[in-house]
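Undergrad: So that you have it, the file is run_32.cif, and it contains mmCIF, C-alpha atoms; chains and numbers go by the auth columns:
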```cif
data_query
loop_
_atom_site.group_PDB
_atom_site.id
_atom_site.type_symbol
_atom_site.label_atom_id
_atom_site.label_comp_id
_atom_site.label_asym_id
_atom_site.label_seq_id
_atom_site.Cartn_x
_atom_site.Cartn_y
_atom_site.Cartn_z
_atom_site.B_iso_or_equiv
_atom_site.auth_seq_id
_atom_site.auth_asym_id
ATOM 1 C CA MET A 1 36.105 142.892 114.510 0.00 74 Z
ATOM 2 C CA SER A 2 36.344 139.188 113.783 0.00 75 Z
ATOM 3 C CA THR A 3 38.009 138.245 110.524 0.00 76 Z
ATOM 4 C CA SER A 4 36.498 134.770 110.348 0.00 77 Z
ATOM 5 C CA LYS A 5 32.846 135.704 109.795 0.00 78 Z
ATOM 6 C CA PRO A 6 32.108 135.195 106.081 0.00 79 Z
ATOM 7 C CA HIS A 7 30.149 137.676 104.001 0.00 80 Z
ATOM 8 C CA ALA A 8 27.461 136.126 101.814 0.00 81 Z
ATOM 9 C CA GLY A 9 29.181 137.371 98.672 0.00 82 Z
ATOM 10 C CA LEU A 10 27.735 138.435 95.373 0.00 83 Z
ATOM 11 C CA PRO A 11 25.268 136.201 93.551 0.00 84 Z
ATOM 12 C CA VAL A 12 27.773 135.980 90.703 0.00 85 Z
ATOM 13 C CA ALA A 13 28.883 132.640 89.284 0.00 86 Z
ATOM 14 C CA GLY A 14 32.367 131.715 90.439 0.00 87 Z
ATOM 15 C CA TYR A 15 32.418 134.010 93.473 0.00 88 Z
ATOM 16 C CA ALA A 16 32.223 132.524 96.965 0.00 89 Z
ATOM 17 C CA ALA A 17 31.489 134.007 100.369 0.00 90 Z
ATOM 18 C CA GLN A 18 34.373 136.142 101.649 0.00 91 Z
ATOM 19 C CA LYS A 19 35.785 136.652 105.140 0.00 92 Z
ATOM 20 C CA GLU A 20 35.550 140.135 106.654 0.00 93 Z
ATOM 21 C CA ASN A 21 39.307 140.576 106.462 0.00 94 Z
ATOM 22 C CA ALA A 22 39.315 139.851 102.717 0.00 95 Z
ATOM 23 C CA VAL A 23 36.466 142.323 102.133 0.00 96 Z
ATOM 24 C CA ALA A 24 38.249 144.967 104.225 0.00 97 Z
ATOM 25 C CA LYS A 25 41.503 144.525 102.292 0.00 98 Z
ATOM 26 C CA VAL A 26 39.799 144.705 98.891 0.00 99 Z
ATOM 27 C CA ASN A 27 37.878 147.802 100.014 0.00 100 Z
ATOM 28 C CA GLU A 28 41.176 149.372 101.091 0.00 101 Z
ATOM 29 C CA SER A 29 42.622 148.469 97.697 0.00 102 Z
ATOM 30 C CA LYS A 30 39.635 150.057 95.942 0.00 103 Z
ATOM 31 C CA TYR A 31 40.123 153.316 97.903 0.00 104 Z
ATOM 32 C CA LEU A 32 43.825 153.365 96.999 0.00 105 Z
ATOM 33 C CA GLU A 33 42.945 152.720 93.365 0.00 106 Z
ATOM 34 C CA GLU A 34 40.425 155.565 93.406 0.00 107 Z
ATOM 35 C CA ARG A 35 43.029 157.974 94.809 0.00 108 Z
ATOM 36 C CA VAL A 36 45.491 157.002 92.056 0.00 109 Z
ATOM 37 C CA LEU A 37 42.823 157.285 89.336 0.00 110 Z
ATOM 38 C CA ARG A 38 41.822 160.751 90.546 0.00 111 Z
ATOM 39 C CA PHE A 39 45.477 161.791 90.414 0.00 112 Z
ATOM 40 C CA LEU A 40 45.619 160.479 86.849 0.00 113 Z
ATOM 41 C CA ASP A 41 42.439 162.430 86.024 0.00 114 Z
ATOM 42 C CA GLU A 42 44.231 165.588 87.201 0.00 115 Z
ATOM 43 C CA LEU A 43 47.265 164.773 85.041 0.00 116 Z
ATOM 44 C CA ALA A 44 45.070 164.149 82.000 0.00 117 Z
ATOM 45 C CA ALA A 45 43.286 167.472 82.499 0.00 118 Z
ATOM 46 C CA ASP A 46 46.528 169.467 82.784 0.00 119 Z
ATOM 47 C CA ALA A 47 46.748 171.204 79.404 0.00 120 Z
ATOM 48 C CA GLU A 48 50.141 172.738 80.218 0.00 121 Z
ATOM 49 C CA LEU A 49 51.593 169.302 80.963 0.00 122 Z
ATOM 50 C CA ALA A 50 50.079 167.813 77.789 0.00 123 Z
ATOM 51 C CA ALA A 51 50.985 164.225 78.643 0.00 124 Z
ATOM 52 C CA ASP A 52 51.368 161.881 75.673 0.00 125 Z
ATOM 53 C CA PRO A 53 47.882 160.339 75.383 0.00 126 Z
ATOM 54 C CA ARG A 54 49.090 156.974 74.108 0.00 127 Z
ATOM 55 C CA TRP A 55 51.546 156.379 76.949 0.00 128 Z
ATOM 56 C CA PHE A 56 49.092 157.846 79.421 0.00 129 Z
ATOM 57 C CA ALA A 57 46.418 155.351 78.354 0.00 130 Z
ATOM 58 C CA ILE A 58 48.901 152.464 78.578 0.00 131 Z
ATOM 59 C CA GLY A 59 49.937 153.543 82.088 0.00 132 Z
ATOM 60 C CA ARG A 60 46.375 153.999 83.324 0.00 133 Z
ATOM 61 C CA THR A 61 45.280 150.642 81.917 0.00 134 Z
ATOM 62 C CA SER A 62 48.264 148.914 83.528 0.00 135 Z
ATOM 63 C CA ILE A 63 47.436 150.456 86.901 0.00 136 Z
ATOM 64 C CA GLU A 64 43.781 149.406 86.616 0.00 137 Z
ATOM 65 C CA GLN A 65 44.806 145.879 85.628 0.00 138 Z
ATOM 66 C CA GLY A 66 47.230 145.726 88.551 0.00 139 Z
ATOM 67 C CA PHE A 67 44.575 146.620 91.095 0.00 140 Z
ATOM 68 C CA MET A 68 42.131 144.189 89.497 0.00 141 Z
ATOM 69 C CA ALA A 69 44.715 141.394 89.667 0.00 142 Z
ATOM 70 C CA VAL A 70 45.447 142.097 93.337 0.00 143 Z
ATOM 71 C CA ASN A 71 41.733 142.090 94.203 0.00 144 Z
ATOM 72 C CA ARG A 72 41.196 138.835 92.315 0.00 145 Z
ATOM 73 C CA ALA A 73 44.175 137.360 94.187 0.00 146 Z
ATOM 74 C CA VAL A 74 42.384 138.103 97.463 0.00 147 Z
ATOM 75 C CA PHE A 75 38.871 136.995 96.422 0.00 148 Z
ATOM 76 C CA LYS A 76 40.089 133.994 94.381 0.00 149 Z
ATOM 77 C CA PRO A 77 37.128 133.646 91.994 0.00 150 Z
ATOM 78 C CA ALA A 78 36.701 130.233 90.410 0.00 151 Z
ATOM 79 C CA ARG A 79 35.470 129.209 87.006 0.00 152 Z
ATOM 80 C CA ALA A 80 31.701 129.213 86.662 0.00 153 Z
ATOM 81 C CA CYS A 81 29.575 126.130 86.103 0.00 154 Z
ATOM 82 C CA LEU A 82 27.416 126.523 83.004 0.00 155 Z
ATOM 83 C CA PRO A 83 23.650 126.319 83.506 0.00 156 Z
ATOM 84 C CA GLU A 84 23.412 123.235 81.255 0.00 157 Z
ATOM 85 C CA GLU A 85 25.929 121.418 83.460 0.00 158 Z
ATOM 86 C CA GLY A 86 23.732 121.584 86.558 0.00 159 Z
ATOM 87 C CA ALA A 87 25.070 121.667 90.092 0.00 160 Z
ATOM 88 C CA GLN A 88 28.405 119.920 90.490 0.00 161 Z
#
```
What is this file in structure tokens?

TA:
Amino acid sequence: MSTSKPHAGLPVAGYAAQKENAVAKVNESKYLEERVLRFLDELAADAELAADPRWFAIGRTSIEQGFMAVNRAVFKPARACLPEEGAQ
């Protein structure tokens, strides 16, 4: 598979077309994130373990933010132009 062919990207302000390799890496990251979140769901449901809900929420949020930051690092979204500014 060629890594230089760009994907059209989302029609979201600030997001540009992405190369196949970037899309593949972010998809891999999303699958890893989902595995971790499902593990955390199991921990949260374990009544015998009774994890501290405050620290659990802090940990889960930090993990979600970490994956989001890594994905943004790959996709490199830019600031959006406002509609009243027109095309620049």

Undergrad: Using the chain letters and numbering of this document, enumerate as a tab-separated table (two decimals) with C-alpha atoms, in the frame of the given file the residues selected by the PyMOL selection byres ((chain Z and resi 137) around 12).

TA:
```
chain	number	residue	atom	x	y	z
Z	102	SER	CA	42.62	148.47	97.70
Z	103	LYS	CA	39.64	150.06	95.94
Z	105	LEU	CA	43.82	153.36	97.00
Z	106	GLU	CA	42.94	152.72	93.36
Z	107	GLU	CA	40.42	155.56	93.41
Z	108	ARG	CA	43.03	157.97	94.81
Z	109	VAL	CA	45.49	157.00	92.06
Z	110	LEU	CA	42.82	157.28	89.34
Z	113	LEU	CA	45.62	160.48	86.85
Z	130	ALA	CA	46.42	155.35	78.35
Z	131	ILE	CA	48.90	152.46	78.58
Z	132	GLY	CA	49.94	153.54	82.09
Z	133	ARG	CA	46.38	154.00	83.32
Z	134	THR	CA	45.28	150.64	81.92
Z	135	SER	CA	48.26	148.91	83.53
Z	136	ILE	CA	47.44	150.46	86.90
Z	138	GLN	CA	44.81	145.88	85.63
Z	139	GLY	CA	47.23	145.73	88.55
Z	140	PHE	CA	44.58	146.62	91.10
Z	141	MET	CA	42.13	144.19	89.50
Z	142	ALA	CA	44.72	141.39	89.67
Z	143	VAL	CA	45.45	142.10	93.34
Z	144	ASN	CA	41.73	142.09	94.20
```

Undergrad: Run the PyMOL selection byres ((chain Z and resi 97) around 12) on the file and write out the hits as a ChimeraX atom specification.

TA: /Z:74-76,79-80,91-96,98-104,144,147-148

Undergrad: Go ahead and write the selection's residues with C-alpha atoms as a PDB file, keeping the file's coordinate frame.

TA:
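part.pdb written:
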```pdb
ATOM      1  CA  MET Z  74      36.105 142.892 114.510  1.00  0.00           C
ATOM      2  CA  SER Z  75      36.344 139.188 113.783  1.00  0.00           C
ATOM      3  CA  THR Z  76      38.009 138.245 110.524  1.00  0.00           C
ATOM      4  CA  PRO Z  79      32.108 135.195 106.081  1.00  0.00           C
ATOM      5  CA  HIS Z  80      30.149 137.676 104.001  1.00  0.00           C
ATOM      6  CA  GLN Z  91      34.373 136.142 101.649  1.00  0.00           C
ATOM      7  CA  LYS Z  92      35.785 136.652 105.140  1.00  0.00           C
ATOM      8  CA  GLU Z  93      35.550 140.135 106.654  1.00  0.00           C
ATOM      9  CA  ASN Z  94      39.307 140.576 106.462  1.00  0.00           C
ATOM     10  CA  ALA Z  95      39.315 139.851 102.717  1.00  0.00           C
ATOM     11  CA  VAL Z  96      36.466 142.323 102.133  1.00  0.00           C
ATOM     12  CA  LYS Z  98      41.503 144.525 102.292  1.00  0.00           C
ATOM     13  CA  VAL Z  99      39.799 144.705  98.891  1.00  0.00           C
ATOM     14  CA  ASN Z 100      37.878 147.802 100.014  1.00  0.00           C
ATOM     15  CA  GLU Z 101      41.176 149.372 101.091  1.00  0.00           C
ATOM     16  CA  SER Z 102      42.622 148.469  97.697  1.00  0.00           C
ATOM     17  CA  LYS Z 103      39.635 150.057  95.942  1.00  0.00           C
ATOM     18  CA  TYR Z 104      40.123 153.316  97.903  1.00  0.00           C
ATOM     19  CA  ASN Z 144      41.733 142.090  94.203  1.00  0.00           C
ATOM     20  CA  VAL Z 147      42.384 138.103  97.463  1.00  0.00           C
ATOM     21  CA  PHE Z 148      38.871 136.995  96.422  1.00  0.00           C
TER      22      PHE Z 148
END
```

Undergrad: Check what the PyMOL selection byres ((chain Z and resi 85) around 12) selects in the file above and give those residues as a PyMOL selection string.

TA: chain Z and resi 81-84+86-90+150-154

Undergrad: Could you dump the residues just selected with C-alpha atoms as a PDB file, in the coordinates of the input?

TA:
```
ATOM      1  CA  ALA Z  81      27.461 136.126 101.814  1.00  0.00           C
ATOM      2  CA  GLY Z  82      29.181 137.371  98.672  1.00  0.00           C
ATOM      3  CA  LEU Z  83      27.735 138.435  95.373  1.00  0.00           C
ATOM      4  CA  PRO Z  84      25.268 136.201  93.551  1.00  0.00           C
ATOM      5  CA  ALA Z  86      28.883 132.640  89.284  1.00  0.00           C
ATOM      6  CA  GLY Z  87      32.367 131.715  90.439  1.00  0.00           C
ATOM      7  CA  TYR Z  88      32.418 134.010  93.473  1.00  0.00           C
ATOM      8  CA  ALA Z  89      32.223 132.524  96.965  1.00  0.00           C
ATOM      9  CA  ALA Z  90      31.489 134.007 100.369  1.00  0.00           C
ATOM     10  CA  PRO Z 150      37.128 133.646  91.994  1.00  0.00           C
ATOM     11  CA  ALA Z 151      36.701 130.233  90.410  1.00  0.00           C
ATOM     12  CA  ARG Z 152      35.470 129.209  87.006  1.00  0.00           C
ATOM     13  CA  ALA Z 153      31.701 129.213  86.662  1.00  0.00           C
ATOM     14  CA  CYS Z 154      29.575 126.130  86.103  1.00  0.00           C
TER      15      CYS Z 154
END
```

Undergrad: Rounded to one decimal, what separation in Å do you get between CA of Phe112 in chain Z and CA of Lys149 in chain Z?

TA: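 Distance between the two atoms: 28.6 Å.
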